[in-house]
$ cat final19.pdb   # PDB, C-alpha atoms and all ligand atoms
ATOM      1  CA  MET A   1      11.446 -57.867 -43.749
ATOM      2  CA  SER A   2      14.132 -55.252 -43.123
ATOM      3  CA  ASP A   3      17.607 -56.018 -41.841
ATOM      4  CA  THR A   4      18.172 -55.161 -38.213
ATOM      5  CA  ALA A   5      20.962 -53.711 -36.102
ATOM      6  CA  ILE A   6      21.518 -53.847 -32.352
ATOM      7  CA  VAL A   7      23.352 -51.072 -30.521
ATOM      8  CA  SER A   8      24.162 -51.521 -26.834
ATOM      9  CA  GLY A   9      24.852 -48.835 -24.262
ATOM     10  CA  VAL A  10      22.437 -46.265 -25.606
ATOM     11  CA  GLY A  11      22.044 -43.276 -23.316
ATOM     12  CA  PRO A  12      21.624 -39.520 -23.812
ATOM     13  CA  GLU A  13      20.919 -37.973 -27.216
ATOM     14  CA  GLN A  14      24.416 -36.486 -27.489
ATOM     15  CA  GLY A  15      26.223 -39.751 -26.748
ATOM     16  CA  MET A  16      27.842 -42.385 -28.947
ATOM     17  CA  GLY A  17      25.072 -44.936 -28.461
ATOM     18  CA  ALA A  18      22.218 -42.645 -29.493
ATOM     19  CA  GLN A  19      24.127 -41.203 -32.443
ATOM     20  CA  LEU A  20      25.034 -44.677 -33.703
ATOM     21  CA  VAL A  21      21.361 -45.652 -33.530
ATOM     22  CA  ARG A  22      20.390 -42.550 -35.499
ATOM     23  CA  ARG A  23      23.021 -43.096 -38.197
ATOM     24  CA  PHE A  24      22.209 -46.732 -38.830
ATOM     25  CA  ALA A  25      18.448 -46.108 -38.787
ATOM     26  CA  LYS A  26      19.119 -43.494 -41.468
ATOM     27  CA  ARG A  27      20.787 -46.222 -43.517
ATOM     28  CA  GLY A  28      17.498 -48.142 -43.475
ATOM     29  CA  LEU A  29      18.224 -50.668 -40.739
ATOM     30  CA  HIS A  30      15.625 -51.367 -38.064
ATOM     31  CA  VAL A  31      17.760 -50.522 -35.048
ATOM     32  CA  PHE A  32      17.277 -52.043 -31.609
ATOM     33  CA  ALA A  33      18.534 -49.493 -29.094
ATOM     34  CA  ALA A  34      19.497 -51.209 -25.844
ATOM     35  CA  GLY A  35      20.254 -49.394 -22.633
ATOM     36  CA  ARG A  36      19.170 -48.973 -19.054
ATOM     37  CA  THR A  37      17.322 -45.673 -19.077
ATOM     38  CA  GLY A  38      13.840 -45.998 -20.591
ATOM     39  CA  ALA A  39      13.157 -42.272 -20.932
ATOM     40  CA  SER A  40      16.150 -41.539 -23.174
ATOM     41  CA  LEU A  41      15.592 -44.696 -25.234
ATOM     42  CA  ASP A  42      11.907 -43.878 -25.784
ATOM     43  CA  ALA A  43      12.617 -40.276 -26.786
ATOM     44  CA  LEU A  44      15.273 -41.400 -29.273
ATOM     45  CA  VAL A  45      13.092 -44.060 -30.854
ATOM     46  CA  ALA A  46      10.063 -41.751 -31.092
ATOM     47  CA  ASN A  47      12.219 -39.184 -32.856
ATOM     48  CA  ILE A  48      13.526 -41.701 -35.381
ATOM     49  CA  GLN A  49      10.021 -43.018 -36.050
ATOM     50  CA  ARG A  50       8.681 -39.499 -36.589
ATOM     51  CA  GLY A  51      11.325 -39.108 -39.283
ATOM     52  CA  GLY A  52      10.188 -42.315 -41.001
ATOM     53  CA  GLY A  53      12.941 -44.573 -39.624
ATOM     54  CA  ARG A  54      12.586 -47.847 -37.775
ATOM     55  CA  ALA A  55      13.842 -48.372 -34.237
ATOM     56  CA  THR A  56      12.857 -50.241 -31.083
ATOM     57  CA  ALA A  57      13.845 -49.404 -27.505
ATOM     58  CA  VAL A  58      14.878 -52.282 -25.266
ATOM     59  CA  ILE A  59      15.752 -51.934 -21.612
ATOM     60  CA  ALA A  60      18.500 -54.471 -21.040
ATOM     61  CA  ASP A  61      21.611 -54.598 -18.925
ATOM     62  CA  ALA A  62      24.431 -55.514 -21.290
ATOM     63  CA  THR A  63      25.982 -57.830 -18.706
ATOM     64  CA  ASP A  64      22.796 -59.885 -18.270
ATOM     65  CA  GLU A  65      23.062 -63.099 -20.291
ATOM     66  CA  LEU A  66      19.338 -63.868 -20.495
ATOM     67  CA  ALA A  67      18.399 -60.296 -21.376
ATOM     68  CA  THR A  68      21.005 -60.366 -24.160
ATOM     69  CA  ILE A  69      19.719 -63.669 -25.552
ATOM     70  CA  GLU A  70      16.168 -62.280 -25.538
ATOM     71  CA  LEU A  71      17.232 -59.053 -27.223
ATOM     72  CA  PHE A  72      18.851 -60.943 -30.101
ATOM     73  CA  GLY A  73      15.789 -63.180 -30.468
ATOM     74  CA  GLN A  74      13.553 -60.105 -30.606
ATOM     75  CA  ALA A  75      15.702 -58.483 -33.299
ATOM     76  CA  ARG A  76      15.951 -61.647 -35.411
ATOM     77  CA  ALA A  77      12.139 -61.981 -35.331
ATOM     78  CA  VAL A  78      12.011 -58.660 -37.195
ATOM     79  CA  GLY A  79      14.785 -59.380 -39.709
ATOM     80  CA  LYS A  80      18.323 -60.599 -40.347
ATOM     81  CA  ILE A  81      20.757 -59.100 -37.850
ATOM     82  CA  ASP A  82      23.195 -57.310 -40.139
ATOM     83  CA  LEU A  83      25.024 -55.166 -37.582
ATOM     84  CA  VAL A  84      25.789 -55.316 -33.872
ATOM     85  CA  VAL A  85      27.625 -52.531 -32.044
ATOM     86  CA  TYR A  86      28.822 -53.184 -28.510
ATOM     87  CA  ASN A  87      29.152 -49.613 -27.252
ATOM     88  CA  THR A  88      28.560 -50.148 -23.536
ATOM     89  CA  GLY A  89      31.405 -48.967 -21.363
ATOM     90  CA  ASN A  90      31.875 -46.748 -18.366
ATOM     91  CA  ASN A  91      35.150 -45.227 -17.341
ATOM     92  CA  THR A  92      36.130 -46.540 -13.899
ATOM     93  CA  PRO A  93      38.983 -44.470 -12.465
ATOM     94  CA  GLY A  94      40.691 -45.368  -9.212
ATOM     95  CA  ARG A  95      43.985 -46.514  -7.776
ATOM     96  CA  ILE A  96      44.506 -50.271  -7.564
ATOM     97  CA  GLU A  97      45.247 -50.199  -3.820
ATOM     98  CA  ASP A  98      41.927 -48.467  -3.102
ATOM     99  CA  MET A  99      39.820 -50.642  -5.383
ATOM    100  CA  SER A 100      37.408 -53.291  -4.117
ATOM    101  CA  ALA A 101      37.301 -56.608  -5.947
ATOM    102  CA  ALA A 102      33.655 -55.952  -6.844
ATOM    103  CA  PHE A 103      34.504 -52.579  -8.435
ATOM    104  CA  PHE A 104      37.237 -54.120 -10.583
ATOM    105  CA  GLU A 105      35.038 -57.057 -11.576
ATOM    106  CA  ASN A 106      32.147 -54.774 -12.493
ATOM    107  CA  SER A 107      34.383 -52.698 -14.743
ATOM    108  CA  TRP A 108      35.372 -55.878 -16.604
ATOM    109  CA  ARG A 109      31.735 -57.053 -16.772
ATOM    110  CA  VAL A 110      30.515 -53.844 -18.388
ATOM    111  CA  CYS A 111      33.441 -53.250 -20.761
ATOM    112  CA  CYS A 112      34.426 -56.809 -21.702
ATOM    113  CA  PHE A 113      32.101 -59.582 -20.522
ATOM    114  CA  GLY A 114      29.053 -57.888 -22.054
ATOM    115  CA  GLY A 115      31.023 -57.692 -25.308
ATOM    116  CA  PHE A 116      31.503 -61.437 -25.172
ATOM    117  CA  LEU A 117      27.746 -61.993 -24.653
ATOM    118  CA  TYR A 118      26.843 -59.710 -27.568
ATOM    119  CA  GLY A 119      29.590 -61.165 -29.746
ATOM    120  CA  ARG A 120      28.531 -64.744 -29.062
ATOM    121  CA  GLU A 121      24.863 -64.109 -29.812
ATOM    122  CA  ALA A 122      25.744 -62.118 -32.932
ATOM    123  CA  VAL A 123      27.950 -64.883 -34.284
ATOM    124  CA  LYS A 124      25.233 -67.514 -33.723
ATOM    125  CA  TYR A 125      22.741 -65.653 -35.912
ATOM    126  CA  MET A 126      25.180 -64.241 -38.456
ATOM    127  CA  LYS A 127      26.731 -67.638 -39.204
ATOM    128  CA  ARG A 128      23.274 -68.975 -40.029
ATOM    129  CA  ASP A 129      22.341 -65.904 -42.055
ATOM    130  CA  GLY A 130      25.476 -65.684 -44.198
ATOM    131  CA  GLY A 131      27.425 -62.952 -42.401
ATOM    132  CA  GLY A 132      27.171 -59.526 -40.834
ATOM    133  CA  THR A 133      29.220 -56.906 -39.020
ATOM    134  CA  ILE A 134      30.108 -56.714 -35.318
ATOM    135  CA  LEU A 135      31.743 -53.521 -34.051
ATOM    136  CA  PHE A 136      33.175 -52.710 -30.636
ATOM    137  CA  THR A 137      33.732 -49.282 -29.093
ATOM    138  CA  GLY A 138      37.243 -48.812 -27.784
ATOM    139  CA  ALA A 139      39.033 -45.962 -26.036
ATOM    140  CA  SER A 140      42.589 -44.713 -25.461
ATOM    141  CA  ALA A 141      42.450 -47.261 -22.653
ATOM    142  CA  SER A 142      42.257 -50.096 -25.194
ATOM    143  CA  LEU A 143      45.898 -49.570 -26.173
ATOM    144  CA  ARG A 144      47.780 -48.545 -23.030
ATOM    145  CA  GLY A 145      47.789 -48.692 -19.258
ATOM    146  CA  ARG A 146      47.796 -45.420 -17.317
ATOM    147  CA  PRO A 147      48.014 -44.598 -13.597
ATOM    148  CA  ASN A 148      44.538 -44.385 -11.996
ATOM    149  CA  PHE A 149      42.875 -46.297 -14.822
ATOM    150  CA  GLY A 150      43.957 -49.902 -14.196
ATOM    151  CA  ALA A 151      40.412 -51.278 -14.082
ATOM    152  CA  PHE A 152      39.231 -49.474 -17.227
ATOM    153  CA  ASN A 153      42.490 -50.042 -19.178
ATOM    154  CA  SER A 154      42.534 -53.753 -18.497
ATOM    155  CA  SER A 155      38.880 -54.303 -19.412
ATOM    156  CA  LYS A 156      38.992 -52.198 -22.606
ATOM    157  CA  ALA A 157      42.237 -53.912 -23.674
ATOM    158  CA  ALA A 158      40.588 -57.279 -23.045
ATOM    159  CA  LEU A 159      37.626 -56.237 -25.186
ATOM    160  CA  ARG A 160      39.986 -55.292 -28.035
ATOM    161  CA  CYS A 161      41.733 -58.676 -27.836
ATOM    162  CA  LEU A 162      38.374 -60.440 -27.804
ATOM    163  CA  ALA A 163      37.364 -58.490 -30.910
ATOM    164  CA  GLN A 164      40.622 -59.394 -32.659
ATOM    165  CA  ALA A 165      40.180 -63.086 -31.828
ATOM    166  CA  MET A 166      36.607 -62.981 -33.136
ATOM    167  CA  ALA A 167      37.673 -61.210 -36.326
ATOM    168  CA  LYS A 168      40.069 -64.064 -37.086
ATOM    169  CA  GLU A 169      37.750 -66.832 -35.874
ATOM    170  CA  TYR A 170      34.709 -65.760 -37.942
ATOM    171  CA  GLY A 171      36.068 -63.830 -40.934
ATOM    172  CA  ALA A 172      35.720 -66.847 -43.206
ATOM    173  CA  ASP A 173      32.044 -67.055 -42.187
ATOM    174  CA  GLY A 174      31.505 -63.615 -43.692
ATOM    175  CA  ILE A 175      31.435 -61.921 -40.293
ATOM    176  CA  HIS A 176      33.370 -58.652 -40.252
ATOM    177  CA  VAL A 177      34.497 -57.776 -36.730
ATOM    178  CA  GLY A 178      35.873 -54.292 -36.156
ATOM    179  CA  HIS A 179      37.057 -52.046 -33.350
ATOM    180  CA  VAL A 180      37.032 -48.244 -33.142
ATOM    181  CA  VAL A 181      39.585 -46.605 -30.850
ATOM    182  CA  ILE A 182      38.149 -43.323 -29.559
ATOM    183  CA  ASP A 183      41.380 -41.661 -28.505
ATOM    184  CA  GLY A 184      40.239 -38.697 -26.458
ATOM    185  CA  ALA A 185      37.220 -37.047 -24.900
ATOM    186  CA  ILE A 186      34.004 -36.980 -26.914
ATOM    187  CA  GLY A 187      32.295 -33.602 -27.241
ATOM    188  CA  GLY A 188      29.070 -35.172 -26.032
ATOM    189  CA  GLU A 189      26.690 -34.976 -23.137
ATOM    190  CA  LYS A 190      28.785 -36.988 -20.690
ATOM    191  CA  ILE A 191      31.853 -34.744 -20.699
ATOM    192  CA  ARG A 192      29.874 -31.515 -20.993
ATOM    193  CA  THR A 193      27.501 -32.233 -18.109
ATOM    194  CA  ARG A 194      29.553 -34.413 -15.756
ATOM    195  CA  TYR A 195      32.985 -32.876 -16.304
ATOM    196  CA  PRO A 196      32.344 -29.262 -17.463
ATOM    197  CA  GLU A 197      35.689 -28.011 -16.138
ATOM    198  CA  TYR A 198      37.545 -30.688 -18.076
ATOM    199  CA  ALA A 199      35.528 -29.844 -21.193
ATOM    200  CA  ALA A 200      36.350 -26.146 -20.752
ATOM    201  CA  LYS A 201      40.036 -26.970 -20.302
ATOM    202  CA  LEU A 202      40.116 -28.958 -23.541
ATOM    203  CA  GLY A 203      38.079 -26.364 -25.444
ATOM    204  CA  GLU A 204      35.952 -27.117 -28.525
ATOM    205  CA  GLU A 205      39.007 -27.975 -30.637
ATOM    206  CA  GLY A 206      40.187 -30.478 -28.056
ATOM    207  CA  LEU A 207      36.869 -32.353 -27.876
ATOM    208  CA  MET A 208      36.183 -35.075 -30.402
ATOM    209  CA  ASP A 209      33.441 -34.584 -32.984
ATOM    210  CA  ILE A 210      30.846 -37.254 -32.273
ATOM    211  CA  GLN A 211      29.693 -37.444 -35.915
ATOM    212  CA  ALA A 212      33.258 -38.014 -37.086
ATOM    213  CA  ILE A 213      33.481 -40.994 -34.724
ATOM    214  CA  VAL A 214      30.160 -42.346 -35.981
ATOM    215  CA  ASP A 215      31.619 -41.991 -39.518
ATOM    216  CA  ALA A 216      34.359 -44.454 -38.506
ATOM    217  CA  PHE A 217      31.755 -47.050 -37.500
ATOM    218  CA  GLU A 218      29.851 -46.521 -40.741
ATOM    219  CA  TYR A 219      33.087 -46.797 -42.735
ATOM    220  CA  LEU A 220      33.817 -50.216 -41.217
ATOM    221  CA  TYR A 221      30.203 -51.315 -41.738
ATOM    222  CA  GLN A 222      30.125 -50.520 -45.451
ATOM    223  CA  GLN A 223      33.486 -52.094 -46.362
ATOM    224  CA  PRO A 224      33.342 -54.811 -49.033
ATOM    225  CA  ARG A 225      34.375 -58.357 -48.109
ATOM    226  CA  ARG A 226      37.621 -58.101 -50.058
ATOM    227  CA  GLY A 227      38.703 -54.934 -48.268
ATOM    228  CA  TRP A 228      38.067 -55.207 -44.546
ATOM    229  CA  SER A 229      39.805 -53.202 -41.800
ATOM    230  CA  PHE A 230      39.866 -54.452 -38.243
ATOM    231  CA  GLU A 231      40.447 -51.106 -36.576
ATOM    232  CA  VAL A 232      40.053 -47.386 -37.040
ATOM    233  CA  ASP A 233      41.473 -44.933 -34.505
ATOM    234  CA  VAL A 234      40.073 -41.418 -34.201
ATOM    235  CA  ARG A 235      41.395 -38.370 -32.326
ATOM    236  CA  THR A 236      41.490 -34.578 -32.564
ATOM    237  CA  ALA A 237      44.351 -32.727 -34.210
ATOM    238  CA  LEU A 238      45.397 -31.504 -30.760
ATOM    239  CA  GLU A 239      45.577 -34.902 -29.060
ATOM    240  CA  ASN A 240      48.960 -35.711 -27.573
ATOM    241  CA  TRP A 241      49.410 -39.393 -28.411
TER     242      TRP A 241
HETATM  243  N1  LIG A 301      32.781 -40.202 -23.368
HETATM  244  C1  LIG A 301      34.021 -40.219 -23.798
HETATM  245  O1  LIG A 301      34.717 -39.212 -23.797
HETATM  246  C2  LIG A 301      34.624 -41.496 -24.327
HETATM  247  C3  LIG A 301      35.954 -41.504 -24.728
HETATM  248  C4  LIG A 301      36.494 -42.658 -25.250
HETATM  249  C5  LIG A 301      35.717 -43.793 -25.371
HETATM  250  N2  LIG A 301      34.409 -43.777 -24.941
HETATM  251  C6  LIG A 301      33.621 -44.994 -25.083
HETATM  252  O2  LIG A 301      32.478 -44.714 -25.868
HETATM  253  C7  LIG A 301      31.395 -45.517 -25.453
HETATM  254  C8  LIG A 301      30.191 -44.645 -25.214
HETATM  255  O3  LIG A 301      30.490 -43.616 -24.332
HETATM  256  P1  LIG A 301      29.627 -42.288 -24.182
HETATM  257  O4  LIG A 301      30.322 -41.478 -23.161
HETATM  258  O5  LIG A 301      29.342 -41.684 -25.513
HETATM  259  O6  LIG A 301      28.296 -42.797 -23.587
HETATM  260  P2  LIG A 301      26.877 -43.066 -24.305
HETATM  261  O7  LIG A 301      27.087 -43.884 -25.525
HETATM  262  O8  LIG A 301      26.146 -41.791 -24.413
HETATM  263  O9  LIG A 301      26.168 -43.859 -23.163
HETATM  264  C9  LIG A 301      26.598 -45.094 -22.757
HETATM  265  C10 LIG A 301      25.438 -45.668 -22.045
HETATM  266  O10 LIG A 301      25.790 -46.980 -21.656
HETATM  267  C11 LIG A 301      24.883 -47.294 -20.653
HETATM  268  N3  LIG A 301      25.337 -48.388 -19.841
HETATM  269  C12 LIG A 301      26.283 -48.374 -18.892
HETATM  270  N4  LIG A 301      26.390 -49.592 -18.347
HETATM  271  C13 LIG A 301      25.448 -50.360 -18.959
HETATM  272  C14 LIG A 301      25.049 -51.695 -18.839
HETATM  273  N5  LIG A 301      25.630 -52.508 -17.966
HETATM  274  N6  LIG A 301      24.074 -52.154 -19.642
HETATM  275  C15 LIG A 301      23.472 -51.349 -20.533
HETATM  276  N7  LIG A 301      23.802 -50.065 -20.684
HETATM  277  C16 LIG A 301      24.778 -49.579 -19.912
HETATM  278  C17 LIG A 301      24.756 -46.052 -19.800
HETATM  279  O11 LIG A 301      23.437 -46.115 -19.353
HETATM  280  P3  LIG A 301      22.864 -45.316 -18.119
HETATM  281  O12 LIG A 301      22.411 -44.033 -18.771
HETATM  282  O13 LIG A 301      21.777 -46.161 -17.643
HETATM  283  O14 LIG A 301      23.982 -45.162 -17.144
HETATM  284  C18 LIG A 301      25.044 -44.932 -20.789
HETATM  285  O15 LIG A 301      23.886 -44.180 -21.020
HETATM  286  C19 LIG A 301      31.876 -46.305 -24.230
HETATM  287  O16 LIG A 301      32.272 -47.582 -24.643
HETATM  288  C20 LIG A 301      33.083 -45.508 -23.765
HETATM  289  O17 LIG A 301      34.037 -46.287 -23.089
HETATM  290  C21 LIG A 301      33.847 -42.644 -24.420
END
$ encode --input "final19.pdb" --output "structure tokens"
Amino acid sequence: MSDTAIVSGVGPEQGMGAQLVRRFAKRGLHVFAAGRTGASLDALVANIQRGGGRATAVIADATDELATIELFGQARAVGKIDLVVYNTGNNTPGRIEDMSAAFFENSWRVCCFGGFLYGREAVKYMKRDGGGTILFTGASASLRGRPNFGAFNSSKAALRCLAQAMAKEYGADGIHVGHVVIDGAIGGEKIRTRYPEYAAKLGEEGLMDIQAIVDAFEYLYQQPRRGWSFEVDVRTALENW
């Protein structure tokens, strides 16, 4: 039986989710890649399997409680859940006065509530199994409010606080909870295809190296119990912070 990992919010190949799945499969974990788009999940998993790794694609909305419970049950049937990464999160720009209640609530559901569902299920299994690691993907938004980003800022900040509470609540159970602040734009598929002008404005040096961010997750994952960090923040040399 091999240990398993669950990564949520897995999308295109050049995105955080997919690259996290790849990295942890390379470390020998059987990785459950959860997302909404079957085609990208299947392609990713097939690629990992061709290279001798173990991965399973699961179509699951991260805000769906039952789907999340089932996903964790499926992973535990394969092996101990050693790592969970809650990576789901969509930027939701907009001015407060123009924002519908449903839009604001959905931003919170995707960025924070789903993190609670994943965190709760992870803790249930990890307490029984003697520990594990739970990591959350943050953003610049996790640390500060900015005009036009009230919905995203508030939900990412809430996720960070949830992670901090969990780190303190479950540390003694051997559960390492960590948070990675991605402080800038990732040089991945999202920015390059959806916001090409923004990507061009930042230039290669202004876009974050996706593998360097994945390194931060792996760093937290491999820390020994007597030397845990809660948070790592990552940015380019050019970032104005
Ligand atoms: N991109 C950036 O520049 C940047 C900067 C700072 C922080 N971040 C953070 O990094 C994380 C990953 O961002 P990324 O841009 O690299 O994207 P990604 O990991 O490539 O993809 C995220 C995936 O999450 C999926 N998703 C969205 N809502 C979901 C839901 N309710 N349930 C399940 N899956 C869902 C999307 O699926 P669909 O394909 O179905 O829409 C998308 O493919 C996010 O937490 C984001 O806030 C990103």
$ closest_atom_pairs --input "final19.pdb" --of "region 114-196 of chain A" --to "region 88-103 of chain A" --cutoff "6 Å" --atoms "all atoms listed in the file" --output "CSV"
residue,atom,partner,partner_atom,distance
A:Asn148,CA,A:Arg95,CA,4.8
A:Phe149,CA,A:Pro93,CA,4.9
A:Phe152,CA,A:Thr92,CA,5.4
$ residues_near_ligand --input "final19.pdb" --ligand "ligand LIG 301 (chain A)" --cutoff "9 Å" --atoms "all atoms listed in the file" --output "PDB file with C-alpha atoms, in the frame of the given file"
ATOM      1  CA  SER A   8      24.162 -51.521 -26.834  1.00  0.00           C
ATOM      2  CA  GLY A   9      24.852 -48.835 -24.262  1.00  0.00           C
ATOM      3  CA  VAL A  10      22.437 -46.265 -25.606  1.00  0.00           C
ATOM      4  CA  GLY A  11      22.044 -43.276 -23.316  1.00  0.00           C
ATOM      5  CA  PRO A  12      21.624 -39.520 -23.812  1.00  0.00           C
ATOM      6  CA  GLU A  13      20.919 -37.973 -27.216  1.00  0.00           C
ATOM      7  CA  GLN A  14      24.416 -36.486 -27.489  1.00  0.00           C
ATOM      8  CA  GLY A  15      26.223 -39.751 -26.748  1.00  0.00           C
ATOM      9  CA  MET A  16      27.842 -42.385 -28.947  1.00  0.00           C
ATOM     10  CA  GLY A  17      25.072 -44.936 -28.461  1.00  0.00           C
ATOM     11  CA  ALA A  18      22.218 -42.645 -29.493  1.00  0.00           C
ATOM     12  CA  GLN A  19      24.127 -41.203 -32.443  1.00  0.00           C
ATOM     13  CA  LEU A  20      25.034 -44.677 -33.703  1.00  0.00           C
ATOM     14  CA  ALA A  34      19.497 -51.209 -25.844  1.00  0.00           C
ATOM     15  CA  GLY A  35      20.254 -49.394 -22.633  1.00  0.00           C
ATOM     16  CA  ARG A  36      19.170 -48.973 -19.054  1.00  0.00           C
ATOM     17  CA  THR A  37      17.322 -45.673 -19.077  1.00  0.00           C
ATOM     18  CA  GLY A  38      13.840 -45.998 -20.591  1.00  0.00           C
ATOM     19  CA  SER A  40      16.150 -41.539 -23.174  1.00  0.00           C
ATOM     20  CA  ILE A  59      15.752 -51.934 -21.612  1.00  0.00           C
ATOM     21  CA  ALA A  60      18.500 -54.471 -21.040  1.00  0.00           C
ATOM     22  CA  ASP A  61      21.611 -54.598 -18.925  1.00  0.00           C
ATOM     23  CA  ALA A  62      24.431 -55.514 -21.290  1.00  0.00           C
ATOM     24  CA  THR A  63      25.982 -57.830 -18.706  1.00  0.00           C
ATOM     25  CA  ASP A  64      22.796 -59.885 -18.270  1.00  0.00           C
ATOM     26  CA  TYR A  86      28.822 -53.184 -28.510  1.00  0.00           C
ATOM     27  CA  ASN A  87      29.152 -49.613 -27.252  1.00  0.00           C
ATOM     28  CA  THR A  88      28.560 -50.148 -23.536  1.00  0.00           C
ATOM     29  CA  GLY A  89      31.405 -48.967 -21.363  1.00  0.00           C
ATOM     30  CA  ASN A  90      31.875 -46.748 -18.366  1.00  0.00           C
ATOM     31  CA  ASN A  91      35.150 -45.227 -17.341  1.00  0.00           C
ATOM     32  CA  ASN A 106      32.147 -54.774 -12.493  1.00  0.00           C
ATOM     33  CA  ARG A 109      31.735 -57.053 -16.772  1.00  0.00           C
ATOM     34  CA  VAL A 110      30.515 -53.844 -18.388  1.00  0.00           C
ATOM     35  CA  CYS A 111      33.441 -53.250 -20.761  1.00  0.00           C
ATOM     36  CA  GLY A 114      29.053 -57.888 -22.054  1.00  0.00           C
ATOM     37  CA  PHE A 136      33.175 -52.710 -30.636  1.00  0.00           C
ATOM     38  CA  THR A 137      33.732 -49.282 -29.093  1.00  0.00           C
ATOM     39  CA  GLY A 138      37.243 -48.812 -27.784  1.00  0.00           C
ATOM     40  CA  ALA A 139      39.033 -45.962 -26.036  1.00  0.00           C
ATOM     41  CA  SER A 140      42.589 -44.713 -25.461  1.00  0.00           C
ATOM     42  CA  ALA A 141      42.450 -47.261 -22.653  1.00  0.00           C
ATOM     43  CA  PHE A 152      39.231 -49.474 -17.227  1.00  0.00           C
ATOM     44  CA  LYS A 156      38.992 -52.198 -22.606  1.00  0.00           C
ATOM     45  CA  VAL A 181      39.585 -46.605 -30.850  1.00  0.00           C
ATOM     46  CA  ILE A 182      38.149 -43.323 -29.559  1.00  0.00           C
ATOM     47  CA  ASP A 183      41.380 -41.661 -28.505  1.00  0.00           C
ATOM     48  CA  GLY A 184      40.239 -38.697 -26.458  1.00  0.00           C
ATOM     49  CA  ALA A 185      37.220 -37.047 -24.900  1.00  0.00           C
ATOM     50  CA  ILE A 186      34.004 -36.980 -26.914  1.00  0.00           C
ATOM     51  CA  GLY A 187      32.295 -33.602 -27.241  1.00  0.00           C
ATOM     52  CA  GLY A 188      29.070 -35.172 -26.032  1.00  0.00           C
ATOM     53  CA  GLU A 189      26.690 -34.976 -23.137  1.00  0.00           C
ATOM     54  CA  LYS A 190      28.785 -36.988 -20.690  1.00  0.00           C
ATOM     55  CA  ILE A 191      31.853 -34.744 -20.699  1.00  0.00           C
ATOM     56  CA  LEU A 207      36.869 -32.353 -27.876  1.00  0.00           C
ATOM     57  CA  MET A 208      36.183 -35.075 -30.402  1.00  0.00           C
ATOM     58  CA  ILE A 210      30.846 -37.254 -32.273  1.00  0.00           C
TER      59      ILE A 210
END
$ resolve_selection --input "final19.pdb" --expression "the PyMOL selection byres (((chain A and resi 220-237) around 9) and not hetatm)" --output "number ranges by chain"
A: 83, 132-135, 138-139, 163-164, 167, 174, 176-185, 205-209, 212-213, 215-219, 238-241
$ closest_residue --input "final19.pdb" --among "A:Ala158, A:Ile175, A:Ala25, A:Ile6" --to "Gly53 (chain A)" --atoms "only C-alpha atoms"
A:Ala25
$ atom_distance --input "final19.pdb" --atom1 "CA of Gln211 (chain A)" --atom2 "CA of Lys26 (chain A)"
13.4 Å
$ atom_distance --input "final19.pdb" --atom1 "CA of Arg128 (chain A)" --atom2 "CA of Thr4 (chain A)"
14.8 Å
$ atom_distance --input "final19.pdb" --atom1 "CA of Arg54 (chain A)" --atom2 "CA of His30 (chain A)"
4.7 Å
$ residues_around --input "final19.pdb" --residues "region 118-123 of chain A" --least-positions-apart "6" --cutoff "7 Å" --atoms "only C-alpha atoms" --output "PyMOL selection string"
chain A and resi 68-69+72+84+86
$ resolve_selection --input "final19.pdb" --expression "the PyMOL selection byres (((chain A and resi 32) around 8) and not hetatm)" --output "ChimeraX atom specification"
/A:4-7,21,30-31,33-34,55-58,75
$ write_last_selection --input "final19.pdb" --atoms "C-alpha atoms" --output "compact mmCIF listing (two decimals), in the frame of the given file"
# COMPACT_ATOMS: atom_id res chain seq x y z
CA THR A 4 18.17 -55.16 -38.21
CA ALA A 5 20.96 -53.71 -36.10
CA ILE A 6 21.52 -53.85 -32.35
CA VAL A 7 23.35 -51.07 -30.52
CA VAL A 21 21.36 -45.65 -33.53
CA HIS A 30 15.62 -51.37 -38.06
CA VAL A 31 17.76 -50.52 -35.05
CA ALA A 33 18.53 -49.49 -29.09
CA ALA A 34 19.50 -51.21 -25.84
CA ALA A 55 13.84 -48.37 -34.24
CA THR A 56 12.86 -50.24 -31.08
CA ALA A 57 13.84 -49.40 -27.50
CA VAL A 58 14.88 -52.28 -25.27
CA ALA A 75 15.70 -58.48 -33.30
$ closest_residue --input "final19.pdb" --among "A:Gly145, A:Gly79, A:Gly51, A:Gly130" --to "Ala172 (chain A)" --atoms "only C-alpha atoms"
A:Gly130
$ decode --input "final19.pdb" --residues "region 230-236 of chain A" --atoms "N, CA and C atoms" --output "short mmCIF file (atom, residue, chain, number, x, y, z; two decimals), in the first residue's frame"
data_model
loop_
_atom_site.label_atom_id
_atom_site.label_comp_id
_atom_site.auth_asym_id
_atom_site.auth_seq_id
_atom_site.Cartn_x
_atom_site.Cartn_y
_atom_site.Cartn_z
N PHE A 230 5.08 27.37 9.37
CA PHE A 230 3.67 27.49 8.98
C PHE A 230 3.56 28.03 7.56
N GLU A 231 4.44 29.00 7.24
CA GLU A 231 4.22 29.74 5.99
C GLU A 231 5.52 29.98 5.23
N VAL A 232 5.40 29.93 3.92
CA VAL A 232 6.50 30.36 3.05
C VAL A 232 5.90 31.35 2.06
N ASP A 233 6.54 32.49 1.87
CA ASP A 233 6.06 33.42 0.84
C ASP A 233 7.06 33.45 -0.30
N VAL A 234 6.54 33.55 -1.52
CA VAL A 234 7.37 33.46 -2.72
C VAL A 234 7.00 34.60 -3.66
N ARG A 235 8.01 35.25 -4.22
CA ARG A 235 7.77 36.34 -5.19
C ARG A 235 8.98 36.48 -6.10
N THR A 236 8.84 37.25 -7.17
CA THR A 236 10.01 37.49 -8.04
C THR A 236 10.85 38.61 -7.44
#
